[in-house]
>>> print(open('upload_31.cif').read())   # mmCIF, C-alpha atoms
data_model
loop_
_atom_site.group_PDB
_atom_site.id
_atom_site.type_symbol
_atom_site.label_atom_id
_atom_site.label_comp_id
_atom_site.auth_asym_id
_atom_site.auth_seq_id
_atom_site.Cartn_x
_atom_site.Cartn_y
_atom_site.Cartn_z
ATOM 1 C CA MET A 1415 123.625 127.283 94.783
ATOM 2 C CA GLY A 1416 121.370 125.534 92.344
ATOM 3 C CA LEU A 1417 119.282 122.453 91.670
ATOM 4 C CA SER A 1418 122.389 120.278 91.301
ATOM 5 C CA ASP A 1419 123.006 120.892 95.017
ATOM 6 C CA ILE A 1420 119.838 119.004 96.019
ATOM 7 C CA THR A 1421 118.809 115.357 95.875
ATOM 8 C CA VAL A 1422 115.291 114.344 96.902
ATOM 9 C CA VAL A 1423 114.895 111.116 98.903
ATOM 10 C CA ILE A 1424 111.464 109.489 99.110
ATOM 11 C CA VAL A 1425 110.794 106.313 101.095
ATOM 12 C CA THR A 1426 107.842 104.275 99.922
ATOM 13 C CA PHE A 1427 106.002 101.144 100.951
ATOM 14 C CA LYS A 1428 103.544 100.085 98.277
ATOM 15 C CA SER A 1429 102.807 103.778 97.670
ATOM 16 C CA GLU A 1430 102.307 103.695 93.925
ATOM 17 C CA HIS A 1431 98.882 105.340 94.261
ATOM 18 C CA LYS A 1432 100.573 108.479 95.682
ATOM 19 C CA ILE A 1433 104.152 108.611 94.422
ATOM 20 C CA PHE A 1434 103.472 109.908 90.903
ATOM 21 C CA SER A 1435 101.698 112.997 92.225
ATOM 22 C CA CYS A 1436 104.697 113.675 94.456
ATOM 23 C CA ILE A 1437 107.150 113.159 91.582
ATOM 24 C CA ASP A 1438 105.116 115.503 89.373
ATOM 25 C CA SER A 1439 105.602 118.309 91.908
ATOM 26 C CA ILE A 1440 109.416 117.997 91.798
ATOM 27 C CA PRO A 1441 111.386 119.850 89.104
ATOM 28 C CA ASN A 1442 112.429 117.570 86.205
ATOM 29 C CA ASN A 1443 116.126 118.365 86.585
ATOM 30 C CA LEU A 1444 116.299 117.478 90.289
ATOM 31 C CA LYS A 1445 117.721 114.040 91.142
ATOM 32 C CA ILE A 1446 115.212 111.816 92.945
ATOM 33 C CA ILE A 1447 116.117 108.694 94.914
ATOM 34 C CA ILE A 1448 113.204 106.445 95.820
ATOM 35 C CA VAL A 1449 113.703 103.664 98.365
ATOM 36 C CA GLU A 1450 110.938 101.050 98.196
ATOM 37 C CA ASN A 1451 110.459 99.016 101.392
ATOM 38 C CA SER A 1452 109.100 95.946 99.572
ATOM 39 C CA SER A 1453 110.168 93.448 96.928
ATOM 40 C CA ASP A 1454 108.121 95.041 94.116
ATOM 41 C CA LYS A 1455 110.568 95.169 91.175
ATOM 42 C CA ASN A 1456 107.728 96.292 88.879
ATOM 43 C CA PHE A 1457 107.381 99.444 90.997
ATOM 44 C CA LYS A 1458 111.056 100.227 90.335
ATOM 45 C CA ASP A 1459 110.537 99.804 86.588
ATOM 46 C CA ARG A 1460 107.429 102.010 86.554
ATOM 47 C CA VAL A 1461 108.906 104.933 88.529
ATOM 48 C CA GLU A 1462 112.227 104.879 86.660
ATOM 49 C CA LYS A 1463 110.404 104.878 83.311
ATOM 50 C CA TYR A 1464 108.089 107.656 84.497
ATOM 51 C CA ARG A 1465 110.919 110.178 84.885
ATOM 52 C CA SER A 1466 114.551 109.941 83.796
ATOM 53 C CA ASN A 1467 115.734 111.776 86.950
ATOM 54 C CA VAL A 1468 114.443 108.964 89.225
ATOM 55 C CA GLU A 1469 116.602 106.184 90.617
ATOM 56 C CA CYS A 1470 114.748 103.548 92.633
ATOM 57 C CA PHE A 1471 116.204 101.025 95.067
ATOM 58 C CA VAL A 1472 114.076 98.046 96.124
ATOM 59 C CA LEU A 1473 115.066 96.742 99.566
ATOM 60 C CA ASN A 1474 113.166 93.420 99.234
ATOM 61 C CA ASN A 1475 111.832 93.811 102.771
ATOM 62 C CA ASN A 1476 110.172 96.446 104.942
ATOM 63 C CA TYR A 1477 113.057 97.624 107.105
ATOM 64 C CA GLY A 1478 111.215 100.712 108.286
ATOM 65 C CA TYR A 1479 111.237 104.422 107.595
ATOM 66 C CA ALA A 1480 114.473 105.272 109.431
ATOM 67 C CA TYR A 1481 116.521 102.511 107.800
ATOM 68 C CA ALA A 1482 115.204 103.277 104.315
ATOM 69 C CA ASN A 1483 115.841 107.020 104.682
ATOM 70 C CA ASN A 1484 119.378 106.317 105.883
ATOM 71 C CA PHE A 1485 119.886 104.098 102.853
ATOM 72 C CA GLY A 1486 118.623 106.846 100.536
ATOM 73 C CA LEU A 1487 120.574 109.626 102.241
ATOM 74 C CA SER A 1488 123.755 107.522 102.007
ATOM 75 C CA LYS A 1489 123.358 107.633 98.206
ATOM 76 C CA VAL A 1490 123.149 111.454 98.107
ATOM 77 C CA LYS A 1491 126.198 113.029 96.436
ATOM 78 C CA SER A 1492 124.913 116.613 96.541
ATOM 79 C CA LYS A 1493 125.306 119.183 99.346
ATOM 80 C CA PHE A 1494 121.691 118.912 100.427
ATOM 81 C CA GLY A 1495 119.093 116.174 100.741
ATOM 82 C CA LEU A 1496 115.353 116.763 100.858
ATOM 83 C CA VAL A 1497 113.484 113.906 102.517
ATOM 84 C CA LEU A 1498 109.851 113.825 101.407
ATOM 85 C CA ASN A 1499 107.012 111.462 102.208
ATOM 86 C CA PRO A 1500 105.298 110.015 99.109
ATOM 87 C CA ASP A 1501 102.047 111.759 100.079
ATOM 88 C CA THR A 1502 103.550 115.240 99.759
ATOM 89 C CA ARG A 1503 103.529 117.756 96.947
ATOM 90 C CA LEU A 1504 105.951 120.625 96.627
ATOM 91 C CA THR A 1505 104.344 123.963 95.875
ATOM 92 C CA LYS A 1506 105.714 126.515 93.438
ATOM 93 C CA ASN A 1507 109.103 127.894 94.491
ATOM 94 C CA SER A 1508 109.516 125.416 97.401
ATOM 95 C CA ILE A 1509 112.925 124.320 96.147
ATOM 96 C CA ASP A 1510 114.085 127.902 95.533
ATOM 97 C CA LYS A 1511 113.009 128.817 99.065
ATOM 98 C CA PHE A 1512 114.848 125.846 100.603
ATOM 99 C CA LEU A 1513 117.982 126.932 98.711
ATOM 100 C CA ASN A 1514 117.508 130.545 99.789
ATOM 101 C CA THR A 1515 117.250 129.525 103.440
ATOM 102 C CA ALA A 1516 120.352 127.320 103.053
ATOM 103 C CA SER A 1517 122.210 130.265 101.540
ATOM 104 C CA ASN A 1518 121.198 132.653 104.333
ATOM 105 C CA TYR A 1519 121.707 130.199 107.228
ATOM 106 C CA LYS A 1520 124.859 128.338 106.222
ATOM 107 C CA ASN A 1521 125.232 126.782 109.680
ATOM 108 C CA PHE A 1522 121.933 124.888 109.434
ATOM 109 C CA TRP A 1523 121.616 121.156 109.953
ATOM 110 C CA LEU A 1524 117.897 120.864 109.104
ATOM 111 C CA VAL A 1525 115.249 123.134 107.594
ATOM 112 C CA GLY A 1526 111.536 122.427 107.712
ATOM 113 C CA PRO A 1527 108.683 124.043 105.783
ATOM 114 C CA ASP A 1528 105.581 125.675 107.244
ATOM 115 C CA GLN A 1529 104.314 123.114 109.775
ATOM 116 C CA ASN A 1530 100.737 124.401 109.707
ATOM 117 C CA PHE A 1531 100.215 124.759 105.960
ATOM 118 C CA GLU A 1532 96.435 124.752 106.052
ATOM 119 C CA LYS A 1533 96.295 127.313 108.900
ATOM 120 C CA SER A 1534 99.277 129.259 107.492
ATOM 121 C CA LEU A 1535 101.210 131.235 110.032
ATOM 122 C CA SER A 1536 100.887 134.997 109.861
ATOM 123 C CA ASN A 1537 104.550 135.501 110.786
ATOM 124 C CA ASP A 1538 106.799 134.649 107.830
ATOM 125 C CA ASP A 1539 110.030 135.031 109.779
ATOM 126 C CA ILE A 1540 112.454 132.128 109.614
ATOM 127 C CA ARG A 1541 113.118 130.972 113.146
ATOM 128 C CA GLU A 1542 115.107 128.408 115.018
ATOM 129 C CA ALA A 1543 113.087 125.368 116.079
ATOM 130 C CA LYS A 1544 113.511 122.450 118.461
ATOM 131 C CA THR A 1545 111.925 120.003 116.053
ATOM 132 C CA ILE A 1546 110.340 119.805 112.604
ATOM 133 C CA LYS A 1547 107.930 117.290 111.141
ATOM 134 C CA GLY A 1548 109.351 114.401 109.160
ATOM 135 C CA TYR A 1549 107.237 114.641 105.996
ATOM 136 C CA ALA A 1550 109.639 117.253 104.543
ATOM 137 C CA MET A 1551 113.133 117.681 105.987
ATOM 138 C CA PHE A 1552 115.932 119.553 104.218
ATOM 139 C CA PHE A 1553 119.350 118.190 105.281
ATOM 140 C CA ASN A 1554 122.755 119.838 105.175
ATOM 141 C CA ILE A 1555 124.417 116.501 104.370
ATOM 142 C CA GLU A 1556 127.967 117.337 105.518
ATOM 143 C CA LYS A 1557 126.803 118.094 109.067
ATOM 144 C CA PHE A 1558 125.667 114.505 109.650
ATOM 145 C CA ASN A 1559 128.761 112.388 108.839
ATOM 146 C CA ASN A 1560 126.421 109.714 107.412
ATOM 147 C CA ILE A 1561 124.603 109.323 110.745
ATOM 148 C CA PHE A 1562 121.013 110.334 110.151
ATOM 149 C CA PHE A 1563 117.981 108.554 111.630
ATOM 150 C CA ASP A 1564 118.197 106.058 114.501
ATOM 151 C CA GLU A 1565 117.164 102.755 112.946
ATOM 152 C CA ASN A 1566 115.711 101.545 116.245
ATOM 153 C CA PHE A 1567 112.705 103.658 115.233
ATOM 154 C CA PHE A 1568 110.810 101.600 112.664
ATOM 155 C CA LEU A 1569 108.097 104.183 112.030
ATOM 156 C CA TYR A 1570 107.014 107.315 113.923
ATOM 157 C CA PHE A 1571 109.027 109.586 116.210
ATOM 158 C CA GLU A 1572 112.270 109.087 114.259
ATOM 159 C CA GLU A 1573 112.259 112.762 113.250
ATOM 160 C CA MET A 1574 111.768 113.876 116.842
ATOM 161 C CA ASP A 1575 114.718 111.744 117.926
ATOM 162 C CA LEU A 1576 116.849 113.103 115.068
ATOM 163 C CA CYS A 1577 116.025 116.710 115.978
ATOM 164 C CA LYS A 1578 116.795 116.020 119.637
ATOM 165 C CA ARG A 1579 120.210 114.579 118.708
ATOM 166 C CA VAL A 1580 120.949 117.529 116.383
ATOM 167 C CA LYS A 1581 120.167 120.012 119.163
ATOM 168 C CA LYS A 1582 122.246 118.014 121.654
ATOM 169 C CA LYS A 1583 125.234 118.413 119.292
ATOM 170 C CA GLY A 1584 124.621 122.163 119.084
ATOM 171 C CA GLY A 1585 123.164 121.933 115.584
ATOM 172 C CA LYS A 1586 120.742 124.467 114.142
ATOM 173 C CA ILE A 1587 117.238 123.566 112.991
ATOM 174 C CA TYR A 1588 115.233 126.226 111.191
ATOM 175 C CA LEU A 1589 111.571 126.515 110.360
ATOM 176 C CA ASP A 1590 110.787 128.591 107.278
ATOM 177 C CA PRO A 1591 107.042 129.307 107.140
ATOM 178 C CA THR A 1592 107.381 130.733 103.604
ATOM 179 C CA ILE A 1593 108.125 127.211 102.307
ATOM 180 C CA LYS A 1594 104.916 125.327 101.596
ATOM 181 C CA VAL A 1595 104.739 121.550 101.152
ATOM 182 C CA ARG A 1596 101.309 119.927 100.912
ATOM 183 C CA HIS A 1597 101.006 116.798 103.029
ATOM 184 C CA THR A 1598 97.907 114.630 102.922
ATOM 185 C CA GLY A 1599 99.008 112.656 105.968
ATOM 186 C CA ALA A 1600 98.460 109.068 104.879
#
>>> encode(input="upload_31.cif", output="structure tokens")
Amino acid sequence: MGLSDITVVIVTFKSEHKIFSCIDSIPNNLKIIIVENSSDKNFKDRVEKYRSNVECFVLNNNYGYAYANNFGLSKVKSKFGLVLNPDTRLTKNSIDKFLNTASNYKNFWLVGPDQNFEKSLSNDDIREAKTIKGYAMFFNIEKFNNIFFDENFFLYFEEMDLCKRVKKKGGKIYLDPTIKVRHTGA
């Protein structure tokens, strides 16, 4: 397993003030798909010129977080997709740790990073979880058959619904507290 096995998907809505910091935290040789929920073609030009590993799709309308993530995830050709919010920053070795967890838990559907980054959990054991937060979700693409988020959720709670549906199908969701992703939360 290597970097070619991962594609990052980032959904934005007029998030230019945050996206470049997020992009800077992602390794240069990792494919990044950005889905912009507006009609800002200049944004597309700026982010694609910023890094050669970025491909940006402009939806010309705000269809919501679930729809835009589904659009981005449908473009993923790699084994894994990492959905990130534009106000996140990967920390050193985050990608390696996601890949390590994927290697050790081959049956996973979703992996989430430490959910309490600022408080940092004392127990570093990877454990099964009922749900993970949506700001950083690592997908085992083949498990989903191109059915990801429920598009009836425009914004908020879409990750909780997704996790509930994964569990209902008998899927495995893991929380790896050794993976750190900074999230400013707006």
>>> closest_residue(input="upload_31.cif", among="A:Glu1556, A:Glu1430, A:Asp1459, A:Asp1510", to="Val1490 of chain A", atoms="only C-alpha atoms")
A:Glu1556
>>> residues_around(input="upload_31.cif", residues="Lys1458 of chain A", least_positions_apart="4", cutoff="8 Å", atoms="only C-alpha atoms", output="ChimeraX atom specification")
/A:1450,1454,1462,1470-1472
>>> residues_around(input="upload_31.cif", residues="segment 1517-1520 of chain A", least_positions_apart="6", cutoff="10 Å", atoms="all atoms listed in the file", output="list in words")
Met1415, Lys1511, Ile1540, Asn1554, Lys1586, Ile1587 and Tyr1588 of chain A
>>> atom_distance(input="upload_31.cif", atom1="atom CA of Ser1492 of chain A", atom2="atom CA of Ile1593 of chain A")
20.7 Å
>>> resolve_selection(input="upload_31.cif", expression="the PyMOL selection byres ((chain A and resi 1579) around 12)", output="list in words")
Trp1523, Leu1524, Lys1544, Thr1545, Phe1558, Ile1561, Phe1562, Phe1563, Asp1564, Glu1572, Glu1573, Met1574, Asp1575, Leu1576, Cys1577, Lys1578, Val1580, Lys1581, Lys1582, Lys1583, Gly1584, Gly1585, Lys1586 and Ile1587 of chain A
>>> closest_residue(input="upload_31.cif", among="A:Thr1426, A:Asn1484, A:Asn1559, A:Thr1421", to="Ile1448 of chain A", atoms="all atoms listed in the file")
A:Thr1426
>>> atom_distance(input="upload_31.cif", atom1="atom CA of Ile1509 of chain A", atom2="atom CA of Val1497 of chain A")
12.2 Å
>>> atom_distance(input="upload_31.cif", atom1="atom CA of Ile1546 of chain A", atom2="atom CA of His1431 of chain A")
26.0 Å
>>> axis_aligned_box(input="upload_31.cif", around="segment 1426-1434 of chain A", padding_each_side="5 Å", output="JSON")
{"center_x": 103.4, "center_y": 105.0, "center_z": 95.9, "size_x": 19.0, "size_y": 19.8, "size_z": 20.0}
